[in-house]
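File shown: structure-v4.pdb (PDB, C-alpha atoms, pLDDT in the B column).
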ATOM      1  CA  MET R   8     -32.625  -8.945   6.467  1.00 72.00           C
ATOM      2  CA  GLU R   9     -33.250  -7.634   3.030  1.00 88.00           C
ATOM      3  CA  LEU R  10     -34.818  -4.366   2.001  1.00 92.00           C
ATOM      4  CA  ARG R  11     -37.939  -4.332  -0.116  1.00 93.00           C
ATOM      5  CA  GLN R  12     -37.175  -3.779  -3.790  1.00 93.00           C
ATOM      6  CA  GLU R  13     -38.590  -0.228  -3.854  1.00 93.00           C
ATOM      7  CA  ILE R  14     -36.367   0.763  -0.909  1.00 95.00           C
ATOM      8  CA  ALA R  15     -33.156  -1.019  -1.852  1.00 96.00           C
ATOM      9  CA  PRO R  16     -30.456   0.815  -3.792  1.00 97.00           C
ATOM     10  CA  LYS R  17     -30.835   0.246  -7.540  1.00 97.00           C
ATOM     11  CA  MET R  18     -27.531  -1.571  -7.920  1.00 97.00           C
ATOM     12  CA  ASP R  19     -28.471  -2.980 -11.333  1.00 97.00           C
ATOM     13  CA  ILE R  20     -28.862   0.540 -12.743  1.00 98.00           C
ATOM     14  CA  ALA R  21     -25.645   1.668 -11.073  1.00 98.00           C
ATOM     15  CA  GLU R  22     -23.782  -1.308 -12.500  1.00 98.00           C
ATOM     16  CA  ALA R  23     -25.077  -0.596 -16.003  1.00 98.00           C
ATOM     17  CA  ARG R  24     -24.124   3.104 -15.834  1.00 98.00           C
ATOM     18  CA  TYR R  25     -20.815   2.642 -14.046  1.00 98.00           C
ATOM     19  CA  PRO R  26     -18.452   1.828 -16.968  1.00 98.00           C
ATOM     20  CA  GLU R  27     -19.560   4.854 -18.996  1.00 98.00           C
ATOM     21  CA  ILE R  28     -19.372   7.205 -16.003  1.00 97.00           C
ATOM     22  CA  LEU R  29     -15.932   5.902 -15.052  1.00 97.00           C
ATOM     23  CA  GLN R  30     -14.774   6.376 -18.650  1.00 97.00           C
ATOM     24  CA  ILE R  31     -16.066   9.977 -18.736  1.00 96.00           C
ATOM     25  CA  LEU R  32     -14.255  10.816 -15.487  1.00 95.00           C
ATOM     26  CA  LEU R  33     -11.005   9.227 -16.630  1.00 94.00           C
ATOM     27  CA  GLU R  34     -11.131  10.920 -20.035  1.00 95.00           C
ATOM     28  CA  TYR R  35     -11.568  14.289 -18.341  1.00 94.00           C
ATOM     29  CA  THR R  36      -8.612  13.555 -16.059  1.00 91.00           C
ATOM     30  CA  ASP R  37      -6.461  12.581 -19.044  1.00 94.00           C
ATOM     31  CA  TYR R  38      -7.533  15.736 -20.862  1.00 94.00           C
ATOM     32  CA  CYS R  39      -6.582  17.907 -17.862  1.00 91.00           C
ATOM     33  CA  ASP R  40      -3.232  16.150 -17.511  1.00 91.00           C
ATOM     34  CA  GLU R  41      -2.415  16.879 -21.141  1.00 94.00           C
ATOM     35  CA  TYR R  42      -4.029  20.273 -21.800  1.00 94.00           C
ATOM     36  CA  GLY R  43      -5.302  21.683 -18.516  1.00 91.00           C
ATOM     37  CA  ASP R  44      -8.767  23.217 -18.201  1.00 90.00           C
ATOM     38  CA  GLU R  45      -8.281  26.646 -16.687  1.00 91.00           C
ATOM     39  CA  GLY R  46     -11.587  27.970 -18.043  1.00 92.00           C
ATOM     40  CA  LEU R  47     -13.406  24.776 -16.997  1.00 92.00           C
ATOM     41  CA  VAL R  48     -14.838  24.432 -20.495  1.00 94.00           C
ATOM     42  CA  GLU R  49     -14.265  20.679 -20.610  1.00 94.00           C
ATOM     43  CA  TYR R  50     -15.397  20.357 -17.003  1.00 94.00           C
ATOM     44  CA  LYS R  51     -18.769  21.889 -17.857  1.00 95.00           C
ATOM     45  CA  LYS R  52     -19.093  19.504 -20.819  1.00 96.00           C
ATOM     46  CA  MET R  53     -18.313  16.530 -18.573  1.00 96.00           C
ATOM     47  CA  GLU R  54     -20.736  17.759 -15.921  1.00 95.00           C
ATOM     48  CA  GLU R  55     -23.520  18.087 -18.493  1.00 96.00           C
ATOM     49  CA  GLN R  56     -22.724  14.679 -19.986  1.00 97.00           C
ATOM     50  CA  LEU R  57     -22.975  13.065 -16.537  1.00 97.00           C
ATOM     51  CA  HIS R  58     -26.201  14.942 -15.788  1.00 97.00           C
ATOM     52  CA  GLN R  59     -27.739  13.757 -19.064  1.00 97.00           C
ATOM     53  CA  LEU R  60     -26.754  10.181 -18.257  1.00 97.00           C
ATOM     54  CA  THR R  61     -28.049  10.154 -14.673  1.00 97.00           C
ATOM     55  CA  GLY R  62     -30.442  13.083 -14.250  1.00 96.00           C
ATOM     56  CA  LYS R  63     -28.494  14.040 -11.130  1.00 96.00           C
ATOM     57  CA  ASP R  64     -27.264  17.436  -9.997  1.00 94.00           C
ATOM     58  CA  MET R  65     -23.502  17.129 -10.470  1.00 95.00           C
ATOM     59  CA  SER R  66     -22.709  20.121  -8.235  1.00 92.00           C
ATOM     60  CA  THR R  67     -22.995  17.774  -5.231  1.00 90.00           C
ATOM     61  CA  TYR R  68     -19.950  15.784  -6.410  1.00 91.00           C
ATOM     62  CA  ASN R  69     -16.288  16.749  -6.365  1.00 85.00           C
ATOM     63  CA  LEU R  70     -15.619  15.993 -10.019  1.00 85.00           C
ATOM     64  CA  TYR R  71     -12.589  18.218 -10.294  1.00 75.00           C
ATOM     65  CA  GLU R  72     -10.405  16.866  -7.481  1.00 76.00           C
ATOM     66  CA  TRP R  73     -11.744  13.353  -6.883  1.00 75.00           C
ATOM     67  CA  TRP R  74      -8.249  12.005  -6.189  1.00 71.00           C
ATOM     68  CA  GLU R  75      -8.254  13.855  -2.859  1.00 74.00           C
ATOM     69  CA  GLU R  76     -11.242  11.809  -1.688  1.00 81.00           C
ATOM     70  CA  GLU R  77     -12.167   8.140  -2.158  1.00 87.00           C
ATOM     71  CA  GLY R  78     -10.915   7.637  -5.698  1.00 89.00           C
ATOM     72  CA  VAL R  79     -12.435   7.661  -9.152  1.00 94.00           C
ATOM     73  CA  GLU R  80     -14.048   4.220  -8.872  1.00 95.00           C
ATOM     74  CA  VAL R  81     -16.053   5.159  -5.771  1.00 95.00           C
ATOM     75  CA  LEU R  82     -16.981   8.523  -7.291  1.00 95.00           C
ATOM     76  CA  ALA R  83     -18.202   6.777 -10.440  1.00 97.00           C
ATOM     77  CA  PHE R  84     -20.258   4.401  -8.281  1.00 97.00           C
ATOM     78  CA  ARG R  85     -21.814   7.240  -6.272  1.00 96.00           C
ATOM     79  CA  ILE R  86     -22.757   9.068  -9.474  1.00 97.00           C
ATOM     80  CA  ALA R  87     -24.090   5.899 -11.124  1.00 98.00           C
ATOM     81  CA  LEU R  88     -26.335   4.947  -8.189  1.00 98.00           C
ATOM     82  CA  PRO R  89     -29.837   6.422  -8.564  1.00 97.00           C
ATOM     83  CA  ASP R  90     -30.997   8.662  -5.733  1.00 96.00           C
ATOM     84  CA  PRO R  91     -33.471   7.197  -3.223  1.00 97.00           C
ATOM     85  CA  GLU R  92     -37.184   7.740  -3.768  1.00 95.00           C
ATOM     86  CA  ARG R  93     -40.014   8.717  -1.455  1.00 96.00           C
ATOM     87  CA  ILE R  94     -41.908   5.696  -0.084  1.00 94.00           C
ATOM     88  CA  ASN R  95     -45.348   6.171   1.474  1.00 90.00           C
ATOM     89  CA  ASP R  96     -45.703   2.831   3.254  1.00 90.00           C
ATOM     90  CA  LEU R  97     -42.487   2.516   5.275  1.00 91.00           C
ATOM     91  CA  SER R  98     -42.886  -0.019   8.041  1.00 93.00           C
ATOM     92  CA  LYS R  99     -41.119  -0.300  11.363  1.00 93.00           C
ATOM     93  CA  GLU R 100     -39.325  -3.353   9.949  1.00 95.00           C
ATOM     94  CA  ASP R 101     -38.130  -1.386   6.905  1.00 95.00           C
ATOM     95  CA  LEU R 102     -36.683   1.280   9.170  1.00 95.00           C
ATOM     96  CA  ALA R 103     -35.049  -1.298  11.448  1.00 95.00           C
ATOM     97  CA  ILE R 104     -33.296  -2.874   8.454  1.00 95.00           C
ATOM     98  CA  LEU R 105     -32.051   0.526   7.247  1.00 95.00           C
ATOM     99  CA  ILE R 106     -30.771   1.435  10.713  1.00 95.00           C
ATOM    100  CA  THR R 107     -28.990  -1.912  11.000  1.00 94.00           C
ATOM    101  CA  LYS R 108     -27.380  -1.442   7.587  1.00 93.00           C
ATOM    102  CA  ILE R 109     -26.135   2.024   8.569  1.00 94.00           C
ATOM    103  CA  ASN R 110     -24.833   0.839  11.941  1.00 91.00           C
ATOM    104  CA  SER R 111     -23.019  -2.187  10.572  1.00 86.00           C
ATOM    105  CA  PHE R 112     -19.884  -2.222   8.510  1.00 71.00           C
ATOM    106  CA  GLU R 113     -18.865  -5.304   6.619  1.00 66.00           C
ATOM    107  CA  ILE R 114     -15.775  -5.623   4.474  1.00 62.00           C
ATOM    108  CA  LYS R 115     -15.683  -8.600   2.155  1.00 59.00           C
ATOM    109  CA  GLU R 116     -12.599 -10.697   2.655  1.00 64.00           C
ATOM    110  CA  GLU R 117     -10.257 -11.105  -0.265  1.00 61.00           C
ATOM    111  CA  VAL R 118     -11.236 -14.087  -2.334  1.00 61.00           C
ATOM    112  CA  GLU R 119      -9.689 -15.582  -5.406  1.00 60.00           C
ATOM    113  CA  GLU R 120     -12.740 -15.068  -7.570  1.00 71.00           C
ATOM    114  CA  GLU R 121     -13.771 -11.600  -8.620  1.00 80.00           C
ATOM    115  CA  LEU R 122     -16.133  -9.731  -6.291  1.00 82.00           C
ATOM    116  CA  SER R 123     -19.616  -8.970  -7.543  1.00 87.00           C
ATOM    117  CA  TYR R 124     -20.468  -5.332  -8.214  1.00 91.00           C
ATOM    118  CA  GLU R 125     -22.599  -5.213  -5.062  1.00 89.00           C
ATOM    119  CA  ASP R 126     -19.845  -6.761  -2.943  1.00 87.00           C
ATOM    120  CA  GLU R 127     -17.285  -4.348  -4.359  1.00 90.00           C
ATOM    121  CA  PHE R 128     -19.311  -1.180  -3.695  1.00 93.00           C
ATOM    122  CA  GLY R 129     -21.718  -2.287  -0.950  1.00 90.00           C
ATOM    123  CA  MET R 130     -19.656  -0.630   1.769  1.00 89.00           C
ATOM    124  CA  TYR R 131     -20.302   2.760   0.147  1.00 93.00           C
ATOM    125  CA  LEU R 132     -24.091   2.596   0.536  1.00 95.00           C
ATOM    126  CA  HIS R 133     -24.283   4.425   3.883  1.00 93.00           C
ATOM    127  CA  ALA R 134     -24.760   7.769   2.125  1.00 93.00           C
ATOM    128  CA  TYR R 135     -27.677   6.278   0.149  1.00 96.00           C
ATOM    129  CA  TYR R 136     -29.336   4.964   3.321  1.00 96.00           C
ATOM    130  CA  HIS R 137     -28.926   8.307   5.105  1.00 96.00           C
ATOM    131  CA  ALA R 138     -30.354  10.141   2.076  1.00 96.00           C
ATOM    132  CA  PHE R 139     -33.277   7.705   2.012  1.00 97.00           C
ATOM    133  CA  LEU R 140     -34.078   8.358   5.686  1.00 97.00           C
ATOM    134  CA  LYS R 141     -33.725  12.113   5.229  1.00 96.00           C
ATOM    135  CA  LEU R 142     -36.179  11.999   2.326  1.00 96.00           C
ATOM    136  CA  ASN R 143     -38.684   9.717   4.023  1.00 95.00           C
ATOM    137  CA  CYS R 144     -38.572  10.686   7.720  1.00 93.00           C
ATOM    138  CA  LYS R 145     -39.488  14.298   8.473  1.00 90.00           C
ATOM    139  CA  LYS R 146     -37.323  14.762  11.543  1.00 84.00           C
ATOM    140  CA  TYR R 147     -34.435  12.540  10.476  1.00 94.00           C
ATOM    141  CA  ASN R 148     -31.200  13.728  11.970  1.00 94.00           C
ATOM    142  CA  PRO R 149     -27.774  12.239  11.206  1.00 95.00           C
ATOM    143  CA  LYS R 150     -26.909  12.804  14.886  1.00 95.00           C
ATOM    144  CA  PHE R 151     -29.058   9.757  15.702  1.00 96.00           C
ATOM    145  CA  PHE R 152     -26.137   7.730  14.356  1.00 95.00           C
ATOM    146  CA  HIS R 153     -23.290   9.570  16.096  1.00 95.00           C
ATOM    147  CA  ARG R 154     -21.264   8.452  19.066  1.00 93.00           C
ATOM    148  CA  TYR R 155     -21.613  10.370  22.330  1.00 93.00           C
ATOM    149  CA  LYS R 156     -19.762  10.683  25.612  1.00 93.00           C
ATOM    150  CA  ASP R 157     -21.696  10.582  28.877  1.00 92.00           C
ATOM    151  CA  SER R 158     -20.918  12.602  32.014  1.00 93.00           C
ATOM    152  CA  GLU R 159     -18.673   9.795  33.285  1.00 94.00           C
ATOM    153  CA  GLY R 160     -16.541   9.788  30.135  1.00 93.00           C
ATOM    154  CA  ASN R 161     -17.991   6.598  28.676  1.00 93.00           C
ATOM    155  CA  TYR R 162     -18.853   6.472  24.996  1.00 94.00           C
ATOM    156  CA  TYR R 163     -22.188   5.218  23.747  1.00 92.00           C
ATOM    157  CA  GLU R 164     -24.261   5.084  20.591  1.00 93.00           C
ATOM    158  CA  TYR R 165     -28.012   4.909  20.260  1.00 94.00           C
ATOM    159  CA  SER R 166     -29.338   1.393  19.752  1.00 94.00           C
ATOM    160  CA  THR R 167     -31.396   0.356  16.749  1.00 94.00           C
ATOM    161  CA  ASP R 168     -34.533   0.489  18.911  1.00 94.00           C
ATOM    162  CA  GLU R 169     -33.726   3.992  20.183  1.00 95.00           C
ATOM    163  CA  ILE R 170     -33.105   5.299  16.660  1.00 95.00           C
ATOM    164  CA  LEU R 171     -36.267   3.554  15.486  1.00 94.00           C
ATOM    165  CA  THR R 172     -38.238   5.334  18.215  1.00 93.00           C
ATOM    166  CA  PHE R 173     -36.775   8.694  17.158  1.00 92.00           C
ATOM    167  CA  LEU R 174     -37.689   8.079  13.510  1.00 90.00           C
ATOM    168  CA  ILE R 175     -41.191   6.736  14.173  1.00 87.00           C
ATOM    169  CA  ASN R 176     -42.058   9.521  16.592  1.00 74.00           C
ATOM    170  CA  ASN R 177     -40.733  12.111  14.168  1.00 49.00           C
ATOM    171  CA  LYS R 178     -42.049  10.792  10.830  1.00 46.00           C
TER     172      LYS R 178
END

How does this structure look as structure tokens?
Amino acid sequence: MELRQEIAPKMDIAEARYPEILQILLEYTDYCDEYGDEGLVEYKKMEEQLHQLTGKDMSTYNLYEWWEEEGVEVLAFRIALPDPERINDLSKEDLAILITKINSFEIKEEVEEELSYEDEFGMYLHAYYHAFLKLNCKKYNPKFFHRYKDSEGNYYEYSTDEILTFLINNK
């Protein structure tokens, strides 16, 4: 199950941007370690540099204290990955693939050879898929993907077909 090219995350662009973005983040960290940045002068320069490189609004990222989250490599990946785009001809199959990708979690086993860029960062694409659905499905709600407890205390999640029905009926 593969996504159509216009729907799939632009991993090639992310991979091309990634080294420069990682370098910018690490240089800022080194600068702060050595000199501090109480007035956030260097932070604003870094933020603008990243915006110029990606066109993204950097206020949505925790650039200042990334070490308290997933780490600098994942942050650099998230910044490098282009935002999803609006698609006018989404099919039921497209949505089913997206739902399946969100509801599945696959960690690549350690192998002796180096992981590809997509294998290394593929597990961090859930945010992209959610953003894509939010942009392209009017009544998208992240709660479609949550876990619930019924009156008898049993946990359940909506199936792919149930989520698909919600999204199609609310497009």

Contacts of Tyr25 in chain R within 7 Å, all atoms listed in the file, excl. fewer than 3 positions in-chain, as a PDB file with C-alpha atoms, in the frame of the given file:
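Contents of part.pdb, freshly written:
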ATOM      1  CA  ALA R  21     -25.645   1.668 -11.073  1.00 98.00           C
ATOM      2  CA  GLU R  22     -23.782  -1.308 -12.500  1.00 98.00           C
ATOM      3  CA  ILE R  28     -19.372   7.205 -16.003  1.00 97.00           C
ATOM      4  CA  LEU R  29     -15.932   5.902 -15.052  1.00 97.00           C
ATOM      5  CA  ALA R  83     -18.202   6.777 -10.440  1.00 97.00           C
ATOM      6  CA  PHE R  84     -20.258   4.401  -8.281  1.00 97.00           C
ATOM      7  CA  ALA R  87     -24.090   5.899 -11.124  1.00 98.00           C
TER       8      ALA R  87
END

Exercise. What does the PyMOL selection byres ((chain R and resi 140) around 12) select in this file, as a VMD selection string?
Worked result: chain R and resid 14 90 to 94 97 101 to 106 109 133 to 139 141 to 149 151 to 152 170 to 171 173 to 175 177 to 178

Exercise. If the PyMOL selection byres ((chain R and resi 130) around 12) is run on the structure shown, which residues does it catch, given as a PyMOL selection string?
Worked result: chain R and resi 81+84-85+108-115+124-129+131-136

For this session: Pick out the residues sitting within 12 Å of Leu32 in chain R, and hand them over as number ranges by chain; count all atoms listed in the file, and ignore anything fewer than 3 positions along from it in its own chain.
Result: R: 25-29, 35-39, 49-50, 52-54, 56-57, 68-74, 78-84, 86-87

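Of the listed residues R:Leu122, R:Asp19, R:Asp44, R:Thr107, the one whose atoms come nearest to Tyr165 in chain R is R:Thr107, with distances taken using all atoms listed in the file.
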
For this session: Go ahead and compute the interatomic distance for CA of Thr172 in chain R and CA of Glu100 in chain R, in Å to one decimal.
Result: 12.0 Å

Provide range 124-155 of chain R rebuilt to N, CA and C atoms, formatted as a PDB file, keeping the file's coordinate frame.
ATOM      1  N   TYR R 124     -20.360  -6.791  -8.264  1.00 91.00           N
ATOM      2  CA  TYR R 124     -20.468  -5.332  -8.214  1.00 91.00           C
ATOM      3  C   TYR R 124     -20.990  -4.893  -6.846  1.00 91.00           C
ATOM      4  N   GLU R 125     -22.016  -5.570  -6.352  1.00 89.00           N
ATOM      5  CA  GLU R 125     -22.599  -5.213  -5.062  1.00 89.00           C
ATOM      6  C   GLU R 125     -21.614  -5.447  -3.921  1.00 89.00           C
ATOM      7  N   ASP R 126     -20.847  -6.517  -3.973  1.00 87.00           N
ATOM      8  CA  ASP R 126     -19.845  -6.761  -2.943  1.00 87.00           C
ATOM      9  C   ASP R 126     -18.734  -5.707  -2.993  1.00 87.00           C
ATOM     10  N   GLU R 127     -18.360  -5.320  -4.193  1.00 90.00           N
ATOM     11  CA  GLU R 127     -17.285  -4.348  -4.359  1.00 90.00           C
ATOM     12  C   GLU R 127     -17.668  -2.970  -3.825  1.00 90.00           C
ATOM     13  N   PHE R 128     -18.916  -2.538  -4.062  1.00 93.00           N
ATOM     14  CA  PHE R 128     -19.311  -1.180  -3.695  1.00 93.00           C
ATOM     15  C   PHE R 128     -20.317  -1.114  -2.549  1.00 93.00           C
ATOM     16  N   GLY R 129     -20.719  -2.254  -2.016  1.00 90.00           N
ATOM     17  CA  GLY R 129     -21.718  -2.287  -0.950  1.00 90.00           C
ATOM     18  C   GLY R 129     -21.347  -1.477   0.278  1.00 90.00           C
ATOM     19  N   MET R 130     -20.053  -1.379   0.579  1.00 89.00           N
ATOM     20  CA  MET R 130     -19.656  -0.630   1.769  1.00 89.00           C
ATOM     21  C   MET R 130     -19.795   0.881   1.595  1.00 89.00           C
ATOM     22  N   TYR R 131     -20.136   1.328   0.404  1.00 93.00           N
ATOM     23  CA  TYR R 131     -20.302   2.760   0.147  1.00 93.00           C
ATOM     24  C   TYR R 131     -21.773   3.163   0.091  1.00 93.00           C
ATOM     25  N   LEU R 132     -22.652   2.326   0.601  1.00 95.00           N
ATOM     26  CA  LEU R 132     -24.091   2.596   0.536  1.00 95.00           C
ATOM     27  C   LEU R 132     -24.620   3.401   1.721  1.00 95.00           C
ATOM     28  N   HIS R 133     -23.802   3.680   2.715  1.00 93.00           N
ATOM     29  CA  HIS R 133     -24.283   4.425   3.883  1.00 93.00           C
ATOM     30  C   HIS R 133     -24.878   5.777   3.485  1.00 93.00           C
ATOM     31  N   ALA R 134     -24.248   6.462   2.559  1.00 93.00           N
ATOM     32  CA  ALA R 134     -24.760   7.769   2.125  1.00 93.00           C
ATOM     33  C   ALA R 134     -26.149   7.619   1.498  1.00 93.00           C
ATOM     34  N   TYR R 135     -26.357   6.541   0.740  1.00 96.00           N
ATOM     35  CA  TYR R 135     -27.677   6.278   0.149  1.00 96.00           C
ATOM     36  C   TYR R 135     -28.720   6.071   1.246  1.00 96.00           C
ATOM     37  N   TYR R 136     -28.377   5.251   2.249  1.00 96.00           N
ATOM     38  CA  TYR R 136     -29.336   4.964   3.321  1.00 96.00           C
ATOM     39  C   TYR R 136     -29.667   6.221   4.121  1.00 96.00           C
ATOM     40  N   HIS R 137     -28.663   7.043   4.402  1.00 96.00           N
ATOM     41  CA  HIS R 137     -28.926   8.307   5.105  1.00 96.00           C
ATOM     42  C   HIS R 137     -29.815   9.216   4.260  1.00 96.00           C
ATOM     43  N   ALA R 138     -29.535   9.307   2.963  1.00 96.00           N
ATOM     44  CA  ALA R 138     -30.354  10.141   2.076  1.00 96.00           C
ATOM     45  C   ALA R 138     -31.788   9.618   2.021  1.00 96.00           C
ATOM     46  N   PHE R 139     -31.941   8.308   2.021  1.00 97.00           N
ATOM     47  CA  PHE R 139     -33.277   7.705   2.012  1.00 97.00           C
ATOM     48  C   PHE R 139     -34.044   8.112   3.269  1.00 97.00           C
ATOM     49  N   LEU R 140     -33.413   7.988   4.432  1.00 97.00           N
ATOM     50  CA  LEU R 140     -34.078   8.358   5.686  1.00 97.00           C
ATOM     51  C   LEU R 140     -34.398   9.849   5.725  1.00 97.00           C
ATOM     52  N   LYS R 141     -33.487  10.666   5.252  1.00 96.00           N
ATOM     53  CA  LYS R 141     -33.725  12.113   5.229  1.00 96.00           C
ATOM     54  C   LYS R 141     -34.936  12.450   4.364  1.00 96.00           C
ATOM     55  N   LEU R 142     -35.066  11.771   3.249  1.00 96.00           N
ATOM     56  CA  LEU R 142     -36.179  11.999   2.326  1.00 96.00           C
ATOM     57  C   LEU R 142     -37.499  11.481   2.885  1.00 96.00           C
ATOM     58  N   ASN R 143     -37.462  10.401   3.621  1.00 95.00           N
ATOM     59  CA  ASN R 143     -38.684   9.717   4.023  1.00 95.00           C
ATOM     60  C   ASN R 143     -39.089   9.883   5.490  1.00 95.00           C
ATOM     61  N   CYS R 144     -38.254  10.468   6.302  1.00 93.00           N
ATOM     62  CA  CYS R 144     -38.572  10.686   7.720  1.00 93.00           C
ATOM     63  C   CYS R 144     -38.384  12.168   8.024  1.00 93.00           C
ATOM     64  N   LYS R 145     -39.493  12.844   8.298  1.00 90.00           N
ATOM     65  CA  LYS R 145     -39.488  14.298   8.473  1.00 90.00           C
ATOM     66  C   LYS R 145     -38.395  14.835   9.389  1.00 90.00           C
ATOM     67  N   LYS R 146     -38.254  14.236  10.545  1.00 84.00           N
ATOM     68  CA  LYS R 146     -37.323  14.762  11.543  1.00 84.00           C
ATOM     69  C   LYS R 146     -36.032  13.955  11.616  1.00 84.00           C
ATOM     70  N   TYR R 147     -35.701  13.277  10.520  1.00 94.00           N
ATOM     71  CA  TYR R 147     -34.435  12.540  10.476  1.00 94.00           C
ATOM     72  C   TYR R 147     -33.296  13.482  10.844  1.00 94.00           C
ATOM     73  N   ASN R 148     -32.365  12.951  11.600  1.00 94.00           N
ATOM     74  CA  ASN R 148     -31.200  13.728  11.970  1.00 94.00           C
ATOM     75  C   ASN R 148     -29.995  12.778  11.964  1.00 94.00           C
ATOM     76  N   PRO R 149     -28.944  13.127  11.236  1.00 95.00           N
ATOM     77  CA  PRO R 149     -27.774  12.239  11.206  1.00 95.00           C
ATOM     78  C   PRO R 149     -27.157  12.046  12.596  1.00 95.00           C
ATOM     79  N   LYS R 150     -27.449  12.932  13.530  1.00 95.00           N
ATOM     80  CA  LYS R 150     -26.909  12.804  14.886  1.00 95.00           C
ATOM     81  C   LYS R 150     -27.438  11.566  15.605  1.00 95.00           C
ATOM     82  N   PHE R 151     -28.544  11.001  15.118  1.00 96.00           N
ATOM     83  CA  PHE R 151     -29.058   9.757  15.702  1.00 96.00           C
ATOM     84  C   PHE R 151     -28.002   8.651  15.607  1.00 96.00           C
ATOM     85  N   PHE R 152     -27.111   8.777  14.643  1.00 95.00           N
ATOM     86  CA  PHE R 152     -26.137   7.730  14.356  1.00 95.00           C
ATOM     87  C   PHE R 152     -24.730   8.058  14.872  1.00 95.00           C
ATOM     88  N   HIS R 153     -24.598   9.170  15.577  1.00 95.00           N
ATOM     89  CA  HIS R 153     -23.290   9.570  16.096  1.00 95.00           C
ATOM     90  C   HIS R 153     -22.962   8.850  17.399  1.00 95.00           C
ATOM     91  N   ARG R 154     -21.745   9.000  17.805  1.00 93.00           N
ATOM     92  CA  ARG R 154     -21.264   8.452  19.066  1.00 93.00           C
ATOM     93  C   ARG R 154     -21.187   9.605  20.062  1.00 93.00           C
ATOM     94  N   TYR R 155     -21.568   9.335  21.300  1.00 93.00           N
ATOM     95  CA  TYR R 155     -21.613  10.370  22.330  1.00 93.00           C
ATOM     96  C   TYR R 155     -20.815   9.939  23.554  1.00 93.00           C
TER      97      TYR R 155
END
